[in-house]
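Student: Okay, handing you the structure first.
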Protein chains: 2
Amino acid sequence: MRRTPSFFLAFSLILALGLCVQAPAAETATQPALVQVGVIDALLAGGYEGSLRLGTLRTLGDIGLGTFDALDGEMVVLDGVVHQVLASGKVARPADSLTTPFAQVARMPSPQALRLAPGLDLKAVEAVLDAQLADSNVFAAVRIEGRFASLTARSVPRQSPPYRTLAEVAKEQSVFPFADVDGTLIGLRGPAFAKGFGVPGWHWHFLTRDRTRGGHVLSFTLAPAANADVRLQPLRRLELILPERGLSAFDLSRDRSRELHAVEAGQ
Amino acid sequence: MRRTPSFFLAFSLILALGLCVQAPAAETATQPALVQVGVIDALLAGGYEGSLRLGTLRTLGDIGLGTFDALDGEMVVLDGVVHQVLASGKVARPADSLTTPFAQVARMPSPQALRLAPGLDLKAVEAVLDAQLADSNVFAAVRIEGRFASLTARSVPRQSPPYRTLAEVAKEQSVFPFADVDGTLIGLRGPAFAKGFGVPGWHWHFLTRDRTRGGHVLSFTLAPAANADVRLQPLRRLELILPERGLSAFDLSRDRSRELHAVEAGQ
């Protein structure tokens with residue numbers, strides 16, 4: 001049988017139609033996810049024992065934040081590389097065999113580019129991002145590369161069992177003030193219904209451009225005359241990975257919202 | 001080169017070791033998940049517009065429960081088949097193109113077989129299952145095949161926009177009392193921290209052995225002299241799929257626990 005050009009045209013059209021039917025745009029079953037290891041309320045209660053290897057975590061997303069086994073510093077995942085901001089202020093590159101009790105990672109396959117007015121502070125930036133998302137009931141990730149007039153980060157010191165609560169440990173946090181610093185902010189957002197297992201609202205970690213300093217962000221102000229490169233990814237899927245053991249010790253039914261806010265804000 | 005039996009033995013050992021290193025038992029990143037479409041608090045608030053096709057849902061798990069676009073009945077997924085228990089009491093086999101605003105499905109690759117004493121009621125069965133799980137902070141699925149001395153199920157009638165709250169609609173529920181009935185209970189469990197997006201505790205749907213009746217379960221008592229076949233699957237992963245649009249209309253920050261309990265219990 002000889003196949004004419006019109007045969008191939010018809011074949012291509014049928015194939016294209018078939019693909020359209022296979023992938024309806026309105027469905028989110030295969031869209032990018034926020035992947036979360038552990039439950040934040042267990043971390044608040046002193047659940048610092050790592051459950052997932054960093055080698056595995058790196059396969060689940062290329063940007064993110066979190067902490068390490070024994071609460072040994074603040075995690076910043078950038079371009080698939082895990083950075084460990086220690087309480088000393090130094091940044092280590094931890095081995096894949098190290099574990100995490102709590103981390104959130106994501107991919108940004110279809111980010112929206114945004115402009116931020118110079119000089120905005122943390123609250124103002126969060127308001128711009130939330131307005132851009134339009135739907136407050138979604139997860140999201142943002143990456144902001146730019147210059148910061150000021151930025152305050154912190155880290156926490158490695159703990160030993162029996163573990164105290166995070167509110168207790170945070171009293172001994174190391175605070176790192178930066179001025180006129182270049183670097184990358186990773187922001188992850190949870191909807192209000194993330195309360196109890198995740199972090200409602202935005203949560204920020206930072207790494208300097210030369211990757212030598214950073215931490216959990218307490219405050220920042222964008223530089224007065226610099227353009228930040230902002231990429232925002234709404235996330236309509238969540239993948240939550242619980243540890244094989246260890247959660248049974250914690251009462252996760254009580255409301256720890258205030259504790260979480262105090263710890264996040266460094267108060 | 002001639003390959004001796006000891007070569008193959010060495011090769012097999014190295015292969016086996018390699019597989020062990022690839023799959024550390026303590027990690028849950030690849031373990032079975034509870035897959036949830038939608039947010040229960042949006043359903044309580046009247047979010048009945050379907051977002052995910054049943055044809056897609058069936059690929060995500062083979063047992064489960066939920067409801068349909070426009071709140072048109074109770075869903076029971078059994079052996080990968082979606083059953084629609086209508087308010088009339090009849091059971092339909094809906095088309096793959098129909099959608100769901102809220103459903104939970106799972107797979108049971110490594111279930112634990114359990115014995116239940118005859119005559120137990122819903123609360124007693126839940127206590128046995130929770131004791132077997134040991135860790136209260138996990139998700140779980142259970143399938144119970146057996147004979148029930150009594151069982152009360154309900155369904156809800158199809159709604160039209162503007163949608164009322166689920167508490168309002170549930171007042172018009174159809175109640176189906178069964179006596180000495182054979183069938184399958186599907187139970188799905190959420191931890192306390194599922195409050196706000198999922199269902200804390202157990203949630204039961206039922207289908208008769210001949211697949212012609214069923215619904216959301218309000219109460220049951222196991223038959224006095226029958227052995228139920230019980231398979232329990234702990235689930236340490238959650239996959240939550242949010243609708244592409246539609247959640248923005250709902251305030252998901254307030255506590256709807258009481259409303260959920262009233263609706264679940266059919267009060």
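Letters A, B, ... mark the chains of the structure tokens in the order given; residue numbers begin at 1 per chain; ligand numbers begin at 1, in order shown.
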Set the distance at 8 Å and use only C-alpha atoms: which residues neighbour segment 122-128 of chain B once local chain neighbours fewer than 5 positions away are removed? I'd like the list as a PyMOL selection string.
Tutor: chain B and resi 116+202+219-221
Student: Please, which residues in chain A fall within 7 Å of chain B when counting only C-alpha atoms, and what is the closest atom pair and distance in Å to one decimal for each, ordered by chain then residue number, as a Markdown table?
Tutor:
```
| residue | atom | partner | partner_atom | distance |
| --- | --- | --- | --- | --- |
| A:Ala26 | CA | B:Glu244 | CA | 5.9 |
| A:Glu27 | CA | B:Leu52 | CA | 5.8 |
| A:Thr28 | CA | B:Glu244 | CA | 6.4 |
| A:Ala29 | CA | B:Ile241 | CA | 6.2 |
| A:Ser51 | CA | B:Glu27 | CA | 6.7 |
| A:Leu52 | CA | B:Glu27 | CA | 5.8 |
| A:Asp135 | CA | B:Ser248 | CA | 4.5 |
| A:Ser136 | CA | B:Ser248 | CA | 6.1 |
| A:Asn137 | CA | B:Ser248 | CA | 6.0 |
| A:Ala192 | CA | B:Ser253 | CA | 5.1 |
| A:Phe193 | CA | B:Gly196 | CA | 5.1 |
| A:Gly196 | CA | B:Phe193 | CA | 5.1 |
| A:Phe197 | CA | B:Phe193 | CA | 5.9 |
| A:Arg236 | CA | B:Leu242 | CA | 5.0 |
| A:Arg237 | CA | B:Ile241 | CA | 4.7 |
| A:Leu238 | CA | B:Leu240 | CA | 4.9 |
| A:Glu239 | CA | B:Glu239 | CA | 4.6 |
| A:Leu240 | CA | B:Leu238 | CA | 4.9 |
| A:Ile241 | CA | B:Arg237 | CA | 4.7 |
| A:Leu242 | CA | B:Arg236 | CA | 5.0 |
| A:Pro243 | CA | B:Thr28 | CA | 6.6 |
| A:Glu244 | CA | B:Ala26 | CA | 5.9 |
| A:Leu247 | CA | B:Asn137 | CA | 6.1 |
| A:Ser248 | CA | B:Asp135 | CA | 4.5 |
| A:Leu252 | CA | B:Phe193 | CA | 6.2 |
| A:Ser253 | CA | B:Ala192 | CA | 5.2 |
```
Student: If you keep N, CA and C atoms, can you produce a file of those selected residues as a short mmCIF file (atom, residue, chain, number, x, y, z; two decimals), in the first residue's frame?
Tutor:
```
data_model
loop_
_atom_site.label_atom_id
_atom_site.label_comp_id
_atom_site.auth_asym_id
_atom_site.auth_seq_id
_atom_site.Cartn_x
_atom_site.Cartn_y
_atom_site.Cartn_z
N ALA A 26 -7.62 21.13 32.58
CA ALA A 26 -8.20 21.51 33.86
C ALA A 26 -7.77 20.58 35.01
N GLU A 27 -7.13 19.47 34.70
CA GLU A 27 -6.79 18.52 35.75
C GLU A 27 -5.41 18.79 36.32
N THR A 28 -5.27 18.53 37.62
CA THR A 28 -4.01 18.84 38.28
C THR A 28 -3.28 17.59 38.76
N ALA A 29 -3.77 16.41 38.37
CA ALA A 29 -3.20 15.17 38.90
C ALA A 29 -1.72 15.03 38.56
N SER A 51 14.33 11.43 59.06
CA SER A 51 13.64 10.24 58.56
C SER A 51 13.89 9.99 57.08
N LEU A 52 14.35 11.00 56.35
CA LEU A 52 14.54 10.83 54.90
C LEU A 52 15.94 11.30 54.53
N ASP A 135 -5.69 33.06 44.15
CA ASP A 135 -6.36 32.05 44.96
C ASP A 135 -5.53 31.82 46.23
N SER A 136 -6.12 32.16 47.41
CA SER A 136 -5.34 32.03 48.65
C SER A 136 -5.23 30.57 49.10
N ASN A 137 -6.02 29.68 48.49
CA ASN A 137 -6.04 28.28 48.93
C ASN A 137 -5.11 27.38 48.12
N ALA A 192 -4.19 28.37 54.31
CA ALA A 192 -4.60 28.34 55.71
C ALA A 192 -4.82 26.90 56.20
N PHE A 193 -5.33 26.03 55.30
CA PHE A 193 -5.63 24.67 55.75
C PHE A 193 -4.38 23.81 55.93
N GLY A 196 -1.26 22.78 61.15
CA GLY A 196 -1.25 21.48 61.82
C GLY A 196 -0.18 20.56 61.25
N PHE A 197 0.00 20.59 59.92
CA PHE A 197 1.05 19.75 59.33
C PHE A 197 2.10 20.58 58.60
N ARG A 236 -0.53 23.21 42.92
CA ARG A 236 -1.87 22.70 43.28
C ARG A 236 -1.85 21.23 43.65
N ARG A 237 -0.64 20.74 43.95
CA ARG A 237 -0.53 19.38 44.49
C ARG A 237 0.39 19.41 45.69
N LEU A 238 0.08 18.59 46.68
CA LEU A 238 0.95 18.41 47.85
C LEU A 238 1.27 16.94 47.97
N GLU A 239 2.54 16.64 48.20
CA GLU A 239 2.90 15.27 48.54
C GLU A 239 3.52 15.32 49.92
N LEU A 240 2.88 14.63 50.86
CA LEU A 240 3.32 14.65 52.26
C LEU A 240 3.86 13.27 52.61
N ILE A 241 5.12 13.23 53.06
CA ILE A 241 5.79 11.97 53.37
C ILE A 241 6.03 11.89 54.87
N LEU A 242 5.39 10.92 55.53
CA LEU A 242 5.53 10.78 56.98
C LEU A 242 6.67 9.82 57.30
N PRO A 243 7.34 10.02 58.44
CA PRO A 243 8.41 9.09 58.83
C PRO A 243 7.85 7.72 59.18
N GLU A 244 8.67 6.69 58.93
CA GLU A 244 8.28 5.31 59.20
C GLU A 244 7.97 5.11 60.69
N LEU A 247 6.55 9.52 64.80
CA LEU A 247 5.45 10.46 65.00
C LEU A 247 4.53 10.02 66.14
N SER A 248 4.55 8.73 66.47
CA SER A 248 3.61 8.22 67.47
C SER A 248 3.84 8.87 68.84
N LEU A 252 -0.36 15.45 68.10
CA LEU A 252 -0.46 16.42 67.00
C LEU A 252 -1.89 16.95 66.87
N SER A 253 -2.66 16.84 67.94
CA SER A 253 -4.05 17.31 67.87
C SER A 253 -4.21 18.73 68.41
#
```
Student: With DSSP run on the backbone, what are the helix (DSSP H, G or I) residues within segment 8-172 of chain B? I'd like them as a ChimeraX atom specification.
Tutor: /B:8-22,40-44,54-57,69-71,122-133,166-170
Student: Skipping near chain neighbours, those fewer than 4 positions away, what residues fall within 9 Å of Ala223 of chain B using only C-alpha atoms, listed as a list of chain:residue names?
Tutor: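 My reading of the contact set: B:Pro118, B:Gly119, B:Leu120, B:Gly146, B:Arg147, B:Phe148, B:Ala149, B:Ser150, B:Asp180, B:Val181, B:Asn227, B:Ala228.
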Student: Please compute the atom CA of Arg58 of chain A-atom CA of Gly80 of chain A distance, one decimal, in Å.
Tutor: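 For atom CA of Arg58 of chain A relative to atom CA of Gly80 of chain A, the distance reads 5.9 Å.
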Student: Kindly indicate which residue among A:Ala117, A:Ala225, A:Val76, A:Leu44 lies nearest to Ile63 of chain A, using only C-alpha atoms for the distances.
Tutor: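 Result for the nearest residue to Ile63 of chain A: A:Val76.
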Student: Find the residue from B:Gln104, B:Thr208, B:Thr99, B:Thr152 that sits nearest to Asp121 of chain B; use only C-alpha atoms when measuring.
Tutor: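 When distances to Asp121 of chain B are compared using only C-alpha atoms, the smallest one comes from B:Thr152.
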Student: Of the candidates A:Gln267, A:Ser88, A:Ser97, A:Thr165, which shows the shortest atom-to-atom distance to Gly47 of chain A, using only C-alpha atoms?
Tutor: A:Thr165
Student: Find the spatial neighbours of Ala92 of chain B, counting only C-alpha atoms, within a cut-off of 7 Å - ignore same-chain residues fewer than 6 positions away - and output them as a short mmCIF file (atom, residue, chain, number, x, y, z; two decimals) with C-alpha atoms, in the first residue's frame.
Tutor:
```
data_model
loop_
_atom_site.label_atom_id
_atom_site.label_comp_id
_atom_site.auth_asym_id
_atom_site.auth_seq_id
_atom_site.Cartn_x
_atom_site.Cartn_y
_atom_site.Cartn_z
CA HIS B 83 -19.86 2.95 42.09
CA GLN B 84 -22.33 5.82 42.49
CA VAL B 85 -24.91 5.31 45.24
#
```
Student: If you measure from atom CA of Phe102 of chain B to atom CA of Asp229 of chain B, what distance in Å do you get, rounded to one decimal?
Tutor: 27.8 Å
Student: Could you check how far atom CA of Gly215 of chain A sits from atom CA of Leu54 of chain A, in Å to one decimal?
Tutor: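 Computing it gives 17.7 Å between the two atoms.
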Student: For Gly64 of chain A, please output as a VMD selection string all residues within 9 Å (counting only C-alpha atoms; exclusion window: fewer than 5 positions along the same chain).
Tutor: chain A and resid 75 to 78 80 82 103 to 107 141 186 to 188 205
Student: Mind writing the picked residues with N, CA and C atoms as a PDB file, in the first residue's frame?
Tutor:
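Here's the written file out.pdb:
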```pdb
ATOM      1  N   MET A  75      18.228  24.478  56.275  1.00  0.00           N
ATOM      2  CA  MET A  75      18.456  23.930  54.935  1.00  0.00           C
ATOM      3  C   MET A  75      18.010  24.918  53.854  1.00  0.00           C
ATOM      4  N   VAL A  76      18.857  25.087  52.838  1.00  0.00           N
ATOM      5  CA  VAL A  76      18.468  25.819  51.633  1.00  0.00           C
ATOM      6  C   VAL A  76      18.818  24.944  50.430  1.00  0.00           C
ATOM      7  N   VAL A  77      17.799  24.510  49.690  1.00  0.00           N
ATOM      8  CA  VAL A  77      18.037  23.728  48.474  1.00  0.00           C
ATOM      9  C   VAL A  77      17.944  24.675  47.287  1.00  0.00           C
ATOM     10  N   LEU A  78      19.009  24.692  46.494  1.00  0.00           N
ATOM     11  CA  LEU A  78      19.077  25.623  45.363  1.00  0.00           C
ATOM     12  C   LEU A  78      19.699  24.884  44.184  1.00  0.00           C
ATOM     13  N   GLY A  80      19.072  22.085  43.048  1.00  0.00           N
ATOM     14  CA  GLY A  80      19.280  20.675  43.361  1.00  0.00           C
ATOM     15  C   GLY A  80      20.400  20.401  44.343  1.00  0.00           C
ATOM     16  N   VAL A  82      21.881  20.757  48.180  1.00  0.00           N
ATOM     17  CA  VAL A  82      21.456  20.996  49.561  1.00  0.00           C
ATOM     18  C   VAL A  82      22.558  21.751  50.296  1.00  0.00           C
ATOM     19  N   ALA A 103      11.392  18.950  55.759  1.00  0.00           N
ATOM     20  CA  ALA A 103      11.865  19.719  54.609  1.00  0.00           C
ATOM     21  C   ALA A 103      10.725  19.844  53.618  1.00  0.00           C
ATOM     22  N   GLN A 104      10.772  20.895  52.819  1.00  0.00           N
ATOM     23  CA  GLN A 104       9.816  21.101  51.728  1.00  0.00           C
ATOM     24  C   GLN A 104      10.611  21.432  50.474  1.00  0.00           C
ATOM     25  N   VAL A 105      10.356  20.690  49.398  1.00  0.00           N
ATOM     26  CA  VAL A 105      11.038  20.965  48.128  1.00  0.00           C
ATOM     27  C   VAL A 105      10.009  21.027  47.001  1.00  0.00           C
ATOM     28  N   ALA A 106      10.407  21.636  45.902  1.00  0.00           N
ATOM     29  CA  ALA A 106       9.503  21.771  44.757  1.00  0.00           C
ATOM     30  C   ALA A 106      10.316  21.929  43.481  1.00  0.00           C
ATOM     31  N   ARG A 107       9.602  21.813  42.369  1.00  0.00           N
ATOM     32  CA  ARG A 107      10.158  22.163  41.070  1.00  0.00           C
ATOM     33  C   ARG A 107       9.336  23.326  40.525  1.00  0.00           C
ATOM     34  N   ALA A 141       5.663  28.286  45.325  1.00  0.00           N
ATOM     35  CA  ALA A 141       7.098  28.459  45.549  1.00  0.00           C
ATOM     36  C   ALA A 141       7.536  29.706  44.819  1.00  0.00           C
ATOM     37  N   ILE A 186      14.501  31.792  48.852  1.00  0.00           N
ATOM     38  CA  ILE A 186      13.536  30.752  48.498  1.00  0.00           C
ATOM     39  C   ILE A 186      12.340  30.939  49.429  1.00  0.00           C
ATOM     40  N   GLY A 187      11.165  31.144  48.848  1.00  0.00           N
ATOM     41  CA  GLY A 187       9.943  31.278  49.643  1.00  0.00           C
ATOM     42  C   GLY A 187       8.976  30.173  49.291  1.00  0.00           C
ATOM     43  N   LEU A 188       8.448  29.505  50.305  1.00  0.00           N
ATOM     44  CA  LEU A 188       7.417  28.486  50.076  1.00  0.00           C
ATOM     45  C   LEU A 188       6.170  28.904  50.834  1.00  0.00           C
ATOM     46  N   HIS A 205      13.842  31.137  53.299  1.00  0.00           N
ATOM     47  CA  HIS A 205      15.242  30.858  53.617  1.00  0.00           C
ATOM     48  C   HIS A 205      16.104  31.572  52.580  1.00  0.00           C
TER      49      HIS A 205
END
```
Student: Within segment 107-216 of chain B, find each residue whose DSSP state, derived from the backbone, is strand (DSSP E), and express the selection as number ranges by chain.
Tutor: B: 112-114, 139-155, 174-190, 201-208, 214-216
Student: Give the answer as one residue: which of B:Glu145, B:Val91, B:Tyr48, B:Leu43 has the shortest atom-to-atom distance to Ala113 of chain B, using only C-alpha atoms?
Tutor: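 Selected residue with least distance to Ala113 of chain B: B:Glu145.
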Student: Would you please work out which residue, of B:Leu260, B:Ile144, B:Val81, B:Ala167, is nearest to Phe206 of chain B when using only C-alpha atoms?
Tutor: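 For Phe206 of chain B, the nearest of the given residues is B:Ile144.
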